[in-house]
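Dumped protein.cif below, it's mmCIF, C-alpha atoms:
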```cif
data_run
loop_
_atom_site.label_atom_id
_atom_site.label_comp_id
_atom_site.auth_asym_id
_atom_site.auth_seq_id
_atom_site.Cartn_x
_atom_site.Cartn_y
_atom_site.Cartn_z
CA MET A 1 -16.51 -14.45 14.60
CA LYS A 2 -17.52 -17.70 12.88
CA SER A 3 -16.02 -17.13 9.45
CA GLY A 4 -13.41 -15.01 7.76
CA TYR A 5 -10.93 -14.77 4.93
CA PRO A 6 -9.29 -18.22 4.52
CA ARG A 7 -5.75 -17.13 5.34
CA PHE A 8 -6.61 -14.63 8.09
CA LYS A 9 -8.91 -16.96 9.98
CA ILE A 10 -8.18 -20.69 9.99
CA HIS A 11 -11.23 -22.59 8.78
CA PRO A 12 -12.95 -24.82 11.40
CA ASP A 13 -12.20 -27.94 9.34
CA CYS A 14 -8.51 -27.00 9.17
CA ALA A 15 -8.46 -26.27 12.91
CA ALA A 16 -10.11 -29.64 13.63
CA LEU A 17 -7.54 -31.41 11.47
CA PHE A 18 -4.65 -29.63 13.19
CA LYS A 19 -6.02 -30.68 16.58
CA ALA A 20 -6.50 -34.29 15.49
CA LEU A 21 -3.02 -34.58 14.01
CA ALA A 22 -1.42 -32.99 17.07
CA ALA A 23 -3.29 -35.42 19.33
CA ARG A 24 -2.23 -38.40 17.26
CA TYR A 25 1.37 -37.56 16.41
CA GLY A 26 2.36 -34.95 19.00
CA TRP A 27 4.39 -35.52 22.11
CA PRO A 28 2.98 -35.85 25.66
CA VAL A 29 1.96 -32.64 27.39
CA GLU A 30 4.71 -31.56 29.77
CA ALA A 31 4.61 -28.40 31.85
CA GLY A 32 2.14 -26.75 29.52
CA ASP A 33 4.40 -27.31 26.49
CA ALA A 34 1.66 -29.02 24.45
CA ALA A 35 2.20 -29.88 20.81
CA THR A 36 0.11 -28.21 18.17
CA SER A 37 0.23 -28.68 14.42
CA MET A 38 -0.34 -27.18 11.00
CA ALA A 39 -0.91 -29.17 7.80
CA PHE A 40 0.37 -28.57 4.28
CA PRO A 41 -0.42 -30.26 0.95
CA ASN A 42 3.22 -30.85 -0.04
CA ARG A 43 6.55 -31.48 1.62
CA ALA A 44 8.27 -28.38 0.26
CA ALA A 45 5.71 -26.04 1.84
CA ALA A 46 5.94 -27.87 5.17
CA GLU A 47 9.74 -27.63 5.14
CA ARG A 48 9.54 -23.90 4.44
CA CYS A 49 7.21 -23.54 7.42
CA VAL A 50 9.71 -25.39 9.62
CA GLU A 51 12.47 -23.11 8.39
CA PHE A 52 10.39 -19.99 9.03
CA VAL A 53 9.51 -21.05 12.58
CA VAL A 54 13.03 -22.18 13.54
CA ALA A 55 14.55 -18.98 12.14
CA ARG A 56 12.53 -17.03 14.71
CA ASP A 57 14.26 -18.41 17.78
CA VAL A 58 12.14 -21.54 18.18
CA ASP A 59 14.23 -24.53 19.29
CA ALA A 60 14.74 -26.77 16.23
CA ALA A 61 14.50 -29.86 18.44
CA SER A 62 10.92 -28.92 19.32
CA VAL A 63 9.74 -28.76 15.69
CA ARG A 64 8.94 -31.93 13.78
CA LEU A 65 7.59 -32.79 10.33
CA GLU A 66 5.39 -35.85 9.77
CA ALA A 67 4.71 -37.08 6.22
CA LEU A 68 1.43 -39.00 5.99
CA ARG A 69 -0.27 -40.88 3.17
CA LEU A 70 -3.95 -41.68 3.66
CA VAL A 71 -5.46 -44.26 1.34
CA PRO A 72 -9.24 -44.73 1.40
CA GLN A 73 -9.74 -48.40 0.58
CA GLN A 74 -12.46 -49.62 -1.79
CA PRO A 75 -12.41 -53.33 -2.76
CA GLY A 76 -11.60 -54.09 -6.38
CA ALA A 77 -13.55 -52.28 -9.04
CA GLU A 78 -15.83 -50.62 -6.52
CA ALA A 79 -13.49 -47.64 -6.40
CA ALA A 80 -13.89 -46.99 -10.12
CA GLY A 81 -15.63 -43.79 -11.06
CA ARG A 82 -15.37 -42.15 -7.65
CA GLY A 83 -12.53 -39.88 -8.80
CA MET A 84 -10.58 -37.86 -6.31
CA LEU A 85 -12.61 -39.04 -3.30
CA ASP A 86 -10.80 -42.40 -3.40
CA ALA A 87 -7.35 -41.18 -4.46
CA PRO A 88 -4.48 -41.42 -1.96
CA VAL A 89 -4.02 -38.21 0.00
CA ASP A 90 -0.61 -36.94 1.07
CA VAL A 91 -0.50 -34.48 3.95
CA TYR A 92 2.55 -33.02 5.66
CA THR A 93 2.13 -32.03 9.28
CA VAL A 94 4.42 -29.63 11.12
CA LEU A 95 4.31 -30.11 14.89
CA PHE A 96 5.60 -27.42 17.24
CA PRO A 97 5.06 -26.10 20.78
CA ALA A 98 1.83 -24.20 21.31
CA ALA A 99 3.86 -21.08 22.09
CA ALA A 100 5.13 -21.08 18.50
CA ALA A 101 1.62 -21.16 16.99
CA PRO A 102 1.47 -17.39 16.31
CA ILE A 103 4.73 -17.64 14.35
CA ALA A 104 3.46 -20.56 12.26
CA LYS A 105 0.24 -18.63 11.69
CA GLN A 106 2.26 -15.81 10.11
CA PHE A 107 3.68 -18.25 7.58
CA TRP A 108 0.21 -19.65 6.91
CA GLN A 109 -1.32 -16.22 6.34
CA HIS A 110 1.37 -14.46 4.34
CA THR A 111 2.37 -17.27 1.97
CA GLY A 112 -0.91 -19.01 1.17
CA GLU A 113 0.92 -22.36 1.42
CA GLY A 114 -1.52 -24.03 3.83
CA ILE A 115 -3.94 -26.86 3.24
CA SER A 116 -7.38 -25.95 1.91
CA SER A 117 -10.53 -26.38 4.00
CA ARG A 118 -11.94 -28.73 1.34
CA LEU A 119 -8.92 -31.05 1.57
CA ALA A 120 -8.96 -30.79 5.37
CA SER A 121 -12.61 -31.89 5.38
CA HIS A 122 -11.81 -34.87 3.16
CA ILE A 123 -8.88 -35.94 5.38
CA LEU A 124 -11.08 -35.67 8.47
CA GLU A 125 -13.58 -38.05 6.88
CA ILE A 126 -10.79 -40.55 6.19
CA LEU A 127 -9.50 -40.29 9.75
CA ARG A 128 -12.98 -40.69 11.23
CA SER A 129 -13.47 -43.90 9.27
CA ALA A 130 -10.16 -45.36 10.52
CA ASP A 131 -9.51 -47.46 13.61
CA THR A 132 -7.56 -44.95 15.70
CA ALA A 133 -6.78 -47.55 18.36
CA SER A 134 -4.72 -49.72 16.01
CA ILE A 135 -1.45 -48.12 14.93
CA GLY A 136 1.61 -50.14 13.94
CA VAL A 137 5.22 -49.17 13.31
CA ASN A 138 6.98 -50.12 10.09
CA THR A 139 10.59 -49.03 9.73
CA SER A 140 10.54 -49.63 5.97
CA ALA A 141 8.59 -46.44 5.36
CA SER A 142 10.05 -43.73 3.18
CA SER A 143 12.00 -41.16 5.15
CA ASN A 144 11.80 -37.43 5.57
CA THR A 145 14.79 -35.40 4.50
CA SER A 146 16.76 -33.96 7.38
CA ALA A 147 19.23 -31.11 7.00
CA ASN A 148 20.49 -27.98 8.69
CA VAL A 149 18.32 -24.90 8.48
CA SER A 150 19.47 -22.66 5.66
CA SER A 151 18.26 -19.33 4.39
CA ASN A 152 19.28 -20.26 0.84
CA VAL A 153 15.94 -21.41 -0.55
CA SER A 154 15.97 -22.23 -4.24
CA ALA A 155 13.00 -22.31 -6.58
CA ASN A 156 13.46 -26.00 -7.29
CA THR A 157 15.28 -27.46 -4.27
CA ASN A 158 13.86 -26.73 -0.85
CA THR A 159 15.84 -26.83 2.38
CA SER A 160 14.36 -28.60 5.37
CA ALA A 161 15.14 -28.01 9.01
CA ASN A 162 16.44 -30.08 11.88
CA ALA A 163 13.65 -31.72 13.82
CA SER A 164 13.07 -33.84 16.88
CA ALA A 165 14.05 -37.51 16.99
CA ASN A 166 10.74 -38.40 18.54
CA THR A 167 9.38 -41.08 16.22
CA SER A 168 6.77 -42.50 18.53
CA ALA A 169 3.14 -42.01 17.60
CA SER A 170 0.39 -42.05 20.16
CA ALA A 171 -3.14 -42.78 19.15
CA GLY A 172 -5.22 -39.72 19.85
CA PRO A 173 -8.98 -39.29 19.90
CA ALA A 174 -10.88 -39.45 16.66
CA PRO A 175 -11.40 -35.99 15.14
CA PRO A 176 -14.80 -34.40 15.57
CA ALA A 177 -17.43 -34.92 12.91
CA THR A 178 -17.45 -32.35 10.14
CA ARG A 179 -19.45 -31.91 6.96
CA ARG A 180 -18.40 -31.04 3.47
CA PRO A 181 -20.04 -28.09 1.70
CA GLY A 182 -23.38 -29.34 0.50
CA TYR A 183 -23.65 -27.52 -2.82
CA HIS A 184 -21.53 -29.95 -4.84
CA ARG A 185 -21.80 -32.95 -2.58
CA ARG A 186 -22.58 -36.24 -4.30
CA PRO A 187 -25.83 -37.39 -2.67
CA THR A 188 -25.79 -41.12 -3.45
CA VAL A 189 -22.07 -41.71 -2.94
CA ALA A 190 -22.14 -39.68 0.26
CA ALA A 191 -25.04 -41.70 1.60
CA ALA A 192 -23.35 -44.96 0.69
CA ALA A 193 -20.12 -43.82 2.30
CA ALA A 194 -21.97 -42.92 5.48
CA SER A 195 -23.33 -46.45 5.76
CA SER A 196 -19.99 -48.10 5.04
CA THR A 197 -16.51 -47.83 6.40
CA SER A 198 -13.23 -47.29 4.63
CA SER A 199 -9.75 -48.18 5.67
CA ALA A 200 -6.87 -45.80 5.69
CA THR A 201 -3.19 -46.40 5.50
CA SER A 202 -0.84 -43.63 6.54
CA THR A 203 2.89 -43.58 6.38
CA ALA A 204 4.61 -41.20 8.72
CA SER A 205 8.23 -40.35 8.98
CA ALA A 206 9.90 -37.94 11.40
CA SER A 207 13.01 -35.91 10.74
CA THR A 208 15.84 -36.30 13.22
CA PRO A 209 18.84 -34.15 14.09
CA SER A 210 21.04 -36.68 12.29
CA GLN A 211 22.09 -35.47 8.83
CA THR A 212 22.95 -38.96 7.57
CA SER A 213 20.30 -41.59 8.20
CA PRO A 214 17.14 -40.14 9.78
CA GLN A 215 14.84 -42.53 11.59
CA THR A 216 11.54 -43.33 9.93
CA SER A 217 8.22 -44.64 11.05
CA SER A 218 4.97 -45.72 9.44
CA GLN A 219 1.49 -45.49 10.86
CA THR A 220 -0.94 -48.16 9.58
CA VAL A 221 -4.60 -47.63 10.37
CA SER A 222 -6.75 -50.76 10.10
CA PRO A 223 -10.36 -50.80 8.81
CA HIS A 224 -13.48 -51.38 10.89
CA ALA A 225 -15.12 -53.54 8.25
CA ALA A 226 -15.34 -54.08 4.52
CA ALA A 227 -16.67 -51.16 2.49
CA GLN A 228 -19.96 -51.52 0.69
CA GLN A 229 -20.37 -50.77 -2.97
CA PRO A 230 -22.33 -47.57 -3.70
CA ASP A 231 -25.16 -47.58 -6.20
CA ALA A 232 -23.40 -45.77 -9.04
CA SER A 233 -26.40 -46.07 -11.37
CA SER A 234 -28.47 -43.67 -9.28
CA ASP A 235 -25.67 -41.18 -8.61
CA VAL A 236 -27.30 -38.43 -10.64
CA GLY A 237 -25.43 -35.68 -8.83
CA THR A 238 -22.06 -37.13 -9.84
CA PHE A 239 -23.12 -37.35 -13.48
CA ILE A 240 -24.35 -33.77 -13.62
CA GLU A 241 -21.27 -32.34 -11.91
CA GLU A 242 -18.83 -34.27 -14.08
CA ARG A 243 -20.85 -33.62 -17.23
CA PHE A 244 -20.64 -29.85 -16.74
CA GLY A 245 -17.08 -29.78 -15.41
CA ARG A 246 -17.74 -29.02 -11.77
CA ASN A 247 -16.18 -32.15 -10.36
CA ILE A 248 -13.96 -33.89 -12.92
CA SER A 249 -11.94 -37.04 -12.37
CA ILE A 250 -8.57 -36.65 -10.65
CA GLY A 251 -7.07 -38.31 -13.71
CA LEU A 252 -7.90 -35.20 -15.72
CA ALA A 253 -6.23 -32.77 -13.30
CA GLU A 254 -3.18 -32.11 -15.48
CA ASP A 255 -5.36 -31.61 -18.54
CA ALA A 256 -7.54 -29.16 -16.61
CA LYS A 257 -4.51 -27.18 -15.46
CA LEU A 258 -3.12 -27.12 -18.98
CA ALA A 259 -6.46 -25.79 -20.24
CA ILE A 260 -6.37 -22.98 -17.65
CA ARG A 261 -2.78 -22.07 -18.53
CA ARG A 262 -3.62 -21.99 -22.23
CA ARG A 263 -6.66 -19.82 -21.60
CA ILE A 264 -4.60 -17.31 -19.61
CA ALA A 265 -1.80 -17.32 -22.20
CA GLY A 266 -4.29 -16.86 -25.00
CA ILE A 267 -5.85 -13.82 -23.37
CA ILE A 268 -2.60 -12.15 -22.31
CA GLY A 269 -0.73 -12.93 -25.53
CA ARG A 270 -3.27 -11.61 -28.00
CA ALA A 271 -1.74 -9.03 -30.27
CA ASP A 272 -4.79 -7.07 -31.41
CA GLY A 273 -4.68 -3.44 -30.43
CA GLN A 274 -1.10 -3.50 -29.10
CA HIS A 275 1.28 -0.66 -29.94
CA ASP A 276 4.95 -1.07 -30.87
CA GLU A 277 6.37 -1.24 -27.35
CA GLN A 278 3.85 -3.92 -26.40
CA GLN A 279 4.80 -5.97 -29.44
CA LEU A 280 8.38 -6.15 -28.15
CA ARG A 281 7.44 -7.15 -24.59
CA GLY A 282 4.86 -9.82 -23.76
CA ALA A 283 4.60 -11.16 -27.30
CA GLY A 284 4.40 -14.87 -27.98
CA VAL A 285 3.06 -15.87 -24.56
CA SER A 286 2.37 -19.61 -24.32
CA GLU A 287 1.22 -22.01 -21.61
CA ARG A 288 4.91 -22.58 -20.77
CA ASP A 289 5.04 -19.01 -19.47
CA VAL A 290 2.08 -19.50 -17.10
CA TRP A 291 2.39 -21.06 -13.64
CA LEU A 292 -0.51 -21.97 -11.36
CA TYR A 293 -0.62 -21.73 -7.56
CA PRO A 294 -3.18 -22.52 -4.82
CA CYS A 295 -4.11 -18.85 -4.39
CA GLY A 296 -3.09 -15.38 -5.49
CA MET A 297 -0.98 -14.70 -2.41
CA ASN A 298 0.94 -17.91 -3.01
CA ALA A 299 1.77 -16.68 -6.52
CA ILE A 300 3.16 -13.44 -5.06
CA TYR A 301 5.16 -15.34 -2.43
CA HIS A 302 6.68 -17.60 -5.09
CA ALA A 303 7.40 -14.66 -7.39
CA HIS A 304 9.56 -13.27 -4.60
CA ARG A 305 11.26 -16.66 -4.04
CA ILE A 306 11.90 -17.23 -7.75
CA LEU A 307 13.40 -13.78 -8.22
CA LYS A 308 15.77 -14.36 -5.31
CA ARG A 309 17.01 -17.46 -7.11
CA ALA A 310 17.01 -16.04 -10.63
CA LEU A 311 18.79 -12.83 -9.64
CA GLY A 312 21.44 -14.58 -7.56
CA ASP A 313 23.64 -11.51 -7.17
CA ARG A 314 20.64 -9.70 -5.66
CA SER A 315 19.31 -12.53 -3.48
CA ALA A 316 20.20 -10.49 -0.40
CA ALA A 317 18.83 -7.23 -1.83
CA ARG A 318 15.73 -5.52 -0.51
CA GLY A 319 12.45 -5.37 -2.38
CA VAL A 320 10.29 -2.33 -3.14
CA VAL A 321 6.53 -1.98 -2.71
CA PHE A 322 5.14 0.93 -4.71
CA GLY A 323 1.66 2.15 -3.85
CA PHE A 324 -0.78 1.10 -1.14
CA VAL A 325 -0.99 -2.57 -2.05
CA TYR A 326 -2.68 -5.54 -0.40
CA THR A 327 -1.13 -5.91 3.05
CA ASP A 328 0.35 -9.40 2.68
CA THR A 329 2.40 -8.39 -0.36
CA LEU A 330 4.34 -6.01 1.86
CA LYS A 331 4.54 -8.64 4.60
CA VAL A 332 6.10 -11.18 2.20
CA LEU A 333 8.88 -8.75 1.29
CA GLU A 334 9.39 -7.76 4.93
CA LYS A 335 9.41 -11.24 6.47
CA PHE A 336 11.14 -13.16 3.68
CA GLY A 337 13.63 -10.48 2.76
CA PRO A 338 17.28 -10.12 3.81
CA GLN A 339 16.73 -8.50 7.22
CA PRO A 340 13.38 -9.65 8.63
CA ALA A 341 14.45 -9.28 12.28
CA ALA A 342 15.48 -5.67 11.75
CA GLY A 343 12.26 -4.84 9.93
CA ASN A 344 14.28 -3.36 7.10
CA SER A 345 13.69 -5.85 4.29
CA ALA A 346 11.55 -3.67 2.05
CA MET A 347 11.14 -0.09 0.91
CA PHE A 348 7.56 1.12 1.00
CA PHE A 349 6.23 4.03 -1.08
CA GLY A 350 2.64 3.91 0.10
CA HIS A 351 1.10 6.90 -1.66
CA GLY A 352 2.12 5.88 -5.18
CA ASP A 353 1.86 9.48 -6.40
CA GLY A 354 4.19 11.86 -8.24
CA ALA A 355 6.40 12.55 -5.24
CA ASP A 356 6.84 8.84 -4.64
CA TYR A 357 8.15 8.31 -8.18
CA ASP A 358 10.83 10.92 -7.57
CA ALA A 359 11.68 9.41 -4.18
CA LEU A 360 11.87 5.92 -5.71
CA GLU A 361 14.24 7.10 -8.45
CA ALA A 362 16.49 8.73 -5.87
CA ALA A 363 16.51 5.66 -3.61
CA LEU A 364 17.28 3.25 -6.43
CA ALA A 365 20.07 5.45 -7.72
CA ALA A 366 21.88 4.64 -4.47
CA GLU A 367 20.86 1.00 -3.91
CA ARG A 368 20.44 -2.11 -6.04
CA VAL A 369 17.14 -3.81 -5.21
CA LEU A 370 15.57 -7.18 -6.01
CA ALA A 371 12.30 -6.03 -7.54
CA ILE A 372 9.55 -3.44 -7.55
CA PHE A 373 6.12 -4.82 -6.61
CA THR A 374 2.99 -2.86 -7.48
CA GLU A 375 -0.70 -3.36 -8.28
CA CYS A 376 -2.73 -2.18 -11.26
CA PRO A 377 -5.10 -0.96 -10.05
CA SER A 378 -4.30 -1.04 -6.34
CA ASN A 379 -6.42 -2.84 -3.74
CA PRO A 380 -8.42 -1.17 -2.23
CA LEU A 381 -7.69 2.42 -3.30
CA LEU A 382 -7.92 1.70 -7.07
CA LYS A 383 -4.87 3.78 -7.95
CA THR A 384 -3.28 2.95 -11.30
CA ALA A 385 0.51 3.14 -11.35
CA ASP A 386 2.45 4.73 -14.19
CA LEU A 387 3.78 1.40 -15.44
CA ALA A 388 5.84 2.96 -18.23
CA ARG A 389 7.74 5.08 -15.71
CA LEU A 390 8.17 2.19 -13.29
CA ARG A 391 9.55 0.15 -16.22
CA ARG A 392 12.16 2.82 -16.90
CA ILE A 393 13.09 3.00 -13.21
CA ALA A 394 13.44 -0.78 -13.01
CA ASP A 395 15.58 -0.89 -16.15
CA ALA A 396 17.88 1.81 -14.80
CA ASN A 397 18.39 -0.17 -11.60
CA GLY A 398 18.51 -3.58 -13.27
CA CYS A 399 15.76 -4.98 -11.04
CA ALA A 400 12.55 -6.78 -11.91
CA LEU A 401 9.05 -5.28 -12.05
CA VAL A 402 6.23 -7.44 -10.62
CA VAL A 403 2.64 -6.32 -11.27
CA ASP A 404 -0.42 -7.71 -9.52
CA GLU A 405 -3.34 -7.10 -11.88
CA THR A 406 -6.00 -8.98 -9.90
CA LEU A 407 -8.53 -6.15 -9.74
CA GLY A 408 -8.06 -5.13 -13.38
CA ASN A 409 -7.74 -8.76 -14.53
CA PHE A 410 -5.98 -9.97 -17.66
CA SER A 411 -9.36 -10.16 -19.44
CA ASN A 412 -9.56 -6.37 -19.27
CA ILE A 413 -6.02 -4.99 -19.05
CA ASN A 414 -2.62 -6.08 -20.34
CA VAL A 415 0.25 -5.20 -18.02
CA LEU A 416 2.76 -7.79 -19.26
CA PRO A 417 4.27 -5.41 -21.85
CA TYR A 418 5.69 -3.45 -18.91
CA ALA A 419 6.22 -6.18 -16.32
CA ASP A 420 8.73 -8.98 -15.91
CA VAL A 421 6.26 -10.98 -13.81
CA VAL A 422 2.46 -10.69 -13.69
CA VAL A 423 0.64 -12.24 -10.74
CA SER A 424 -3.09 -12.63 -10.29
CA SER A 425 -5.63 -14.14 -7.91
CA LEU A 426 -7.75 -16.51 -9.98
CA THR A 427 -10.04 -16.88 -6.97
CA LYS A 428 -11.81 -13.71 -8.06
CA VAL A 429 -12.62 -14.79 -11.62
CA PHE A 430 -12.36 -18.52 -12.31
CA SER A 431 -15.57 -19.78 -10.76
CA GLY A 432 -18.98 -18.21 -10.87
CA ASP A 433 -19.86 -20.05 -7.66
CA SER A 434 -16.96 -18.65 -5.58
CA ASN A 435 -16.09 -22.21 -4.60
CA VAL A 436 -12.48 -22.46 -5.81
CA MET A 437 -9.20 -20.72 -5.05
CA GLY A 438 -6.23 -20.26 -7.33
CA GLY A 439 -3.45 -17.98 -8.44
CA SER A 440 -1.31 -17.50 -11.53
CA LEU A 441 2.15 -16.19 -12.38
CA VAL A 442 3.12 -15.18 -15.92
CA VAL A 443 6.66 -14.42 -17.06
#
```

Show me this structure written as structure tokens.
Amino acid sequence: MKSGYPRFKIHPDCAALFKALAARYGWPVEAGDAATSMAFPNRAAAERCVEFVVARDVDAASVRLEALRLVPQQPGAEAAGRGMLDAPVDVYTVLFPAAAAPIAKQFWQHTGEGISSRLASHILEILRSADTASIGVNTSASSNTSANVSSNVSANTNTSANASANTSASAGPAPPATRRPGYHRRPTVAAAAASSTSSATSTASASTPSQTSPQTSSQTVSPHAAAQQPDASSDVGTFIEERFGRNISIGLAEDAKLAIRRRIAGIIGRADGQHDEQQLRGAGVSERDVWLYPCGMNAIYHAHRILKRALGDRSAARGVVFGFVYTDTLKVLEKFGPQPAAGNSAMFFGHGDGADYDALEAALAAERVLAIFTECPSNPLLKTADLARLRRIADANGCALVVDETLGNFSNINVLPYADVVVSSLTKVFSGDSNVMGGSLVV
């Protein structure tokens, strides 16, 4: 199988990056205990991966987090106008024994926290252009946070795990050549970049078992030669893509995200055609009520995390999945709930029919739960839940109601009047070219 769903099958560019990072920053192979790695776009996600792996009986001393900053160098004004391709790239690498790879893969798949294939391809290009034989150590680098593993994960403050004190970095082989998707590739800039070389500077720091002053290290990668200035005047592809919004400057990223949030809020919050109950719930939605995530599954994962923090007295309560929902929704509740080892972290009412409503009411009369998760309609059976009844059941229990409306989509249906949290996969709707991923959460 050469391709597959991004979270179920790791993209070849991501796999190549993991291999390159493990070769460069991993420990020597001893008795088959080779280091492997997984990369994340931010520190918080990497720390949650460490916590997930260590909590499943993997020795904390064998798991390490490396924070890297890669800076493609362009002399002076030559970098102007190249947008995100020349912006510094932060990547956070979790290194662990090969035997723990299946556990890390569970975190990657269920949470949607992993690095994208597009970013992995870009990082590979930076690494290929660097001098992998020249790596220095600078103890003035910024440090990783080191702390004991804790199951108390807040929505704003993330807990990291103990890691190995191995701060040495060995220069590994250069990663294999890869190519970016050709559809939106800039022809002139790409050709100029191929004939020139860029320098990369990476700072790496490794967590240590010490909780006071963790050791730090910095990896500096020197350039082959000076970069050459691309012919910006003939970069027609760049002009067309930026003119029509396909490939905007990184400096406009926050504006672009604000525009998306406002568009979602404007659609969900419209009042035309709503009846009285809908006017009371879901009215006055603004961009402040909309949160964006890398993919739909990541929005669901964070909905679960946020509810555990917001409903502190129920942080150890089980969740409920009502109806035959997308598989990873159930997995998030099972593996990030109060009793993941016992396999008893979630209630599952898979049929989502009349009998299940009665069974749910009876179960929640005897147990306080965190939230009810459902889909409207469900994927793939296209069953539509009785949201009004689920709202009454949730209110009687005092729990939250989370509705995934991806298949119906907020352009067609409005579930917020009944839900406390609405999650959606923007991947399905926000690009006619199927070349972006995203997710949203509305409260």

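Here the question is which of A:Ile267, A:Ala100, A:Ala362, A:Val415 gets nearest to Thr374 in chain A using only C-alpha atoms, and that residue is A:Val415.
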
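Between Ala44 in chain A and the candidates A:Asp358, A:Asp328, A:Glu375, A:Glu113, the tightest atom-to-atom separation, counting only C-alpha atoms, involves A:Glu113.
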
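When all atoms listed in the file are used to measure the gap to Arg43 in chain A, the shortest distance among A:Asn414, A:Gln106, A:Thr93, A:Asn379 belongs to A:Thr93.
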
Exercise: Tyr293 in chain A partners within 6 Å, all atoms listed in the file, chain neighbours under 5 positions left out, as JSON, numbers by chain
{"A": [299, 438, 439, 440]}

Please provide the set of residues having any atom within 6 Å of range 11-22 of chain A, restricted to all atoms listed in the file, with same-chain residues fewer than 4 positions apart removed, written as an NGL selection string.
:A and (26 or 36-38 or 117 or 120-121 or 175)

Write the residues of the selection above to a file with C-alpha atoms, as a PDB file, in the frame of the given file.
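Final output, again.pdb:
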```pdb
ATOM      1  CA  GLY A  26       2.360 -34.950  19.000  1.00  0.00           C
ATOM      2  CA  THR A  36       0.110 -28.210  18.170  1.00  0.00           C
ATOM      3  CA  SER A  37       0.230 -28.680  14.420  1.00  0.00           C
ATOM      4  CA  MET A  38      -0.340 -27.180  11.000  1.00  0.00           C
ATOM      5  CA  SER A 117     -10.530 -26.380   4.000  1.00  0.00           C
ATOM      6  CA  ALA A 120      -8.960 -30.790   5.370  1.00  0.00           C
ATOM      7  CA  SER A 121     -12.610 -31.890   5.380  1.00  0.00           C
ATOM      8  CA  PRO A 175     -11.400 -35.990  15.140  1.00  0.00           C
TER       9      PRO A 175
END
```

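Of the residues under consideration (A:Val285, A:Ile264, A:Leu252, A:Leu333), A:Leu333 shows the shortest atom-to-atom contact distance to Thr111 in chain A when counting all atoms listed in the file.
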
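Among the candidate residues A:Ala34, A:Leu119, A:Val89, A:Ala265, the one lying nearest to Val63 in chain A is A:Ala34, with distances computed using all atoms listed in the file.
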
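Compared by their closest atoms to Lys331 in chain A, and using only C-alpha atoms, the residues A:Phe349, A:Leu124, A:His110, A:Ser116 rank with A:His110 nearest.
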
Kindly resolve the PyMOL selection byres ((chain A and resi 41) around 6) on the present coordinates and return the residues as a compact mmCIF listing (two decimals) with C-alpha atoms, keeping the file's coordinate frame.
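selection-v9.txt, written as the output of this step:
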```txt
# COMPACT_ATOMS: atom_id res chain seq x y z
CA PHE A 40 0.37 -28.57 4.28
CA ASN A 42 3.22 -30.85 -0.04
CA VAL A 91 -0.50 -34.48 3.95
CA ILE A 115 -3.94 -26.86 3.24
```
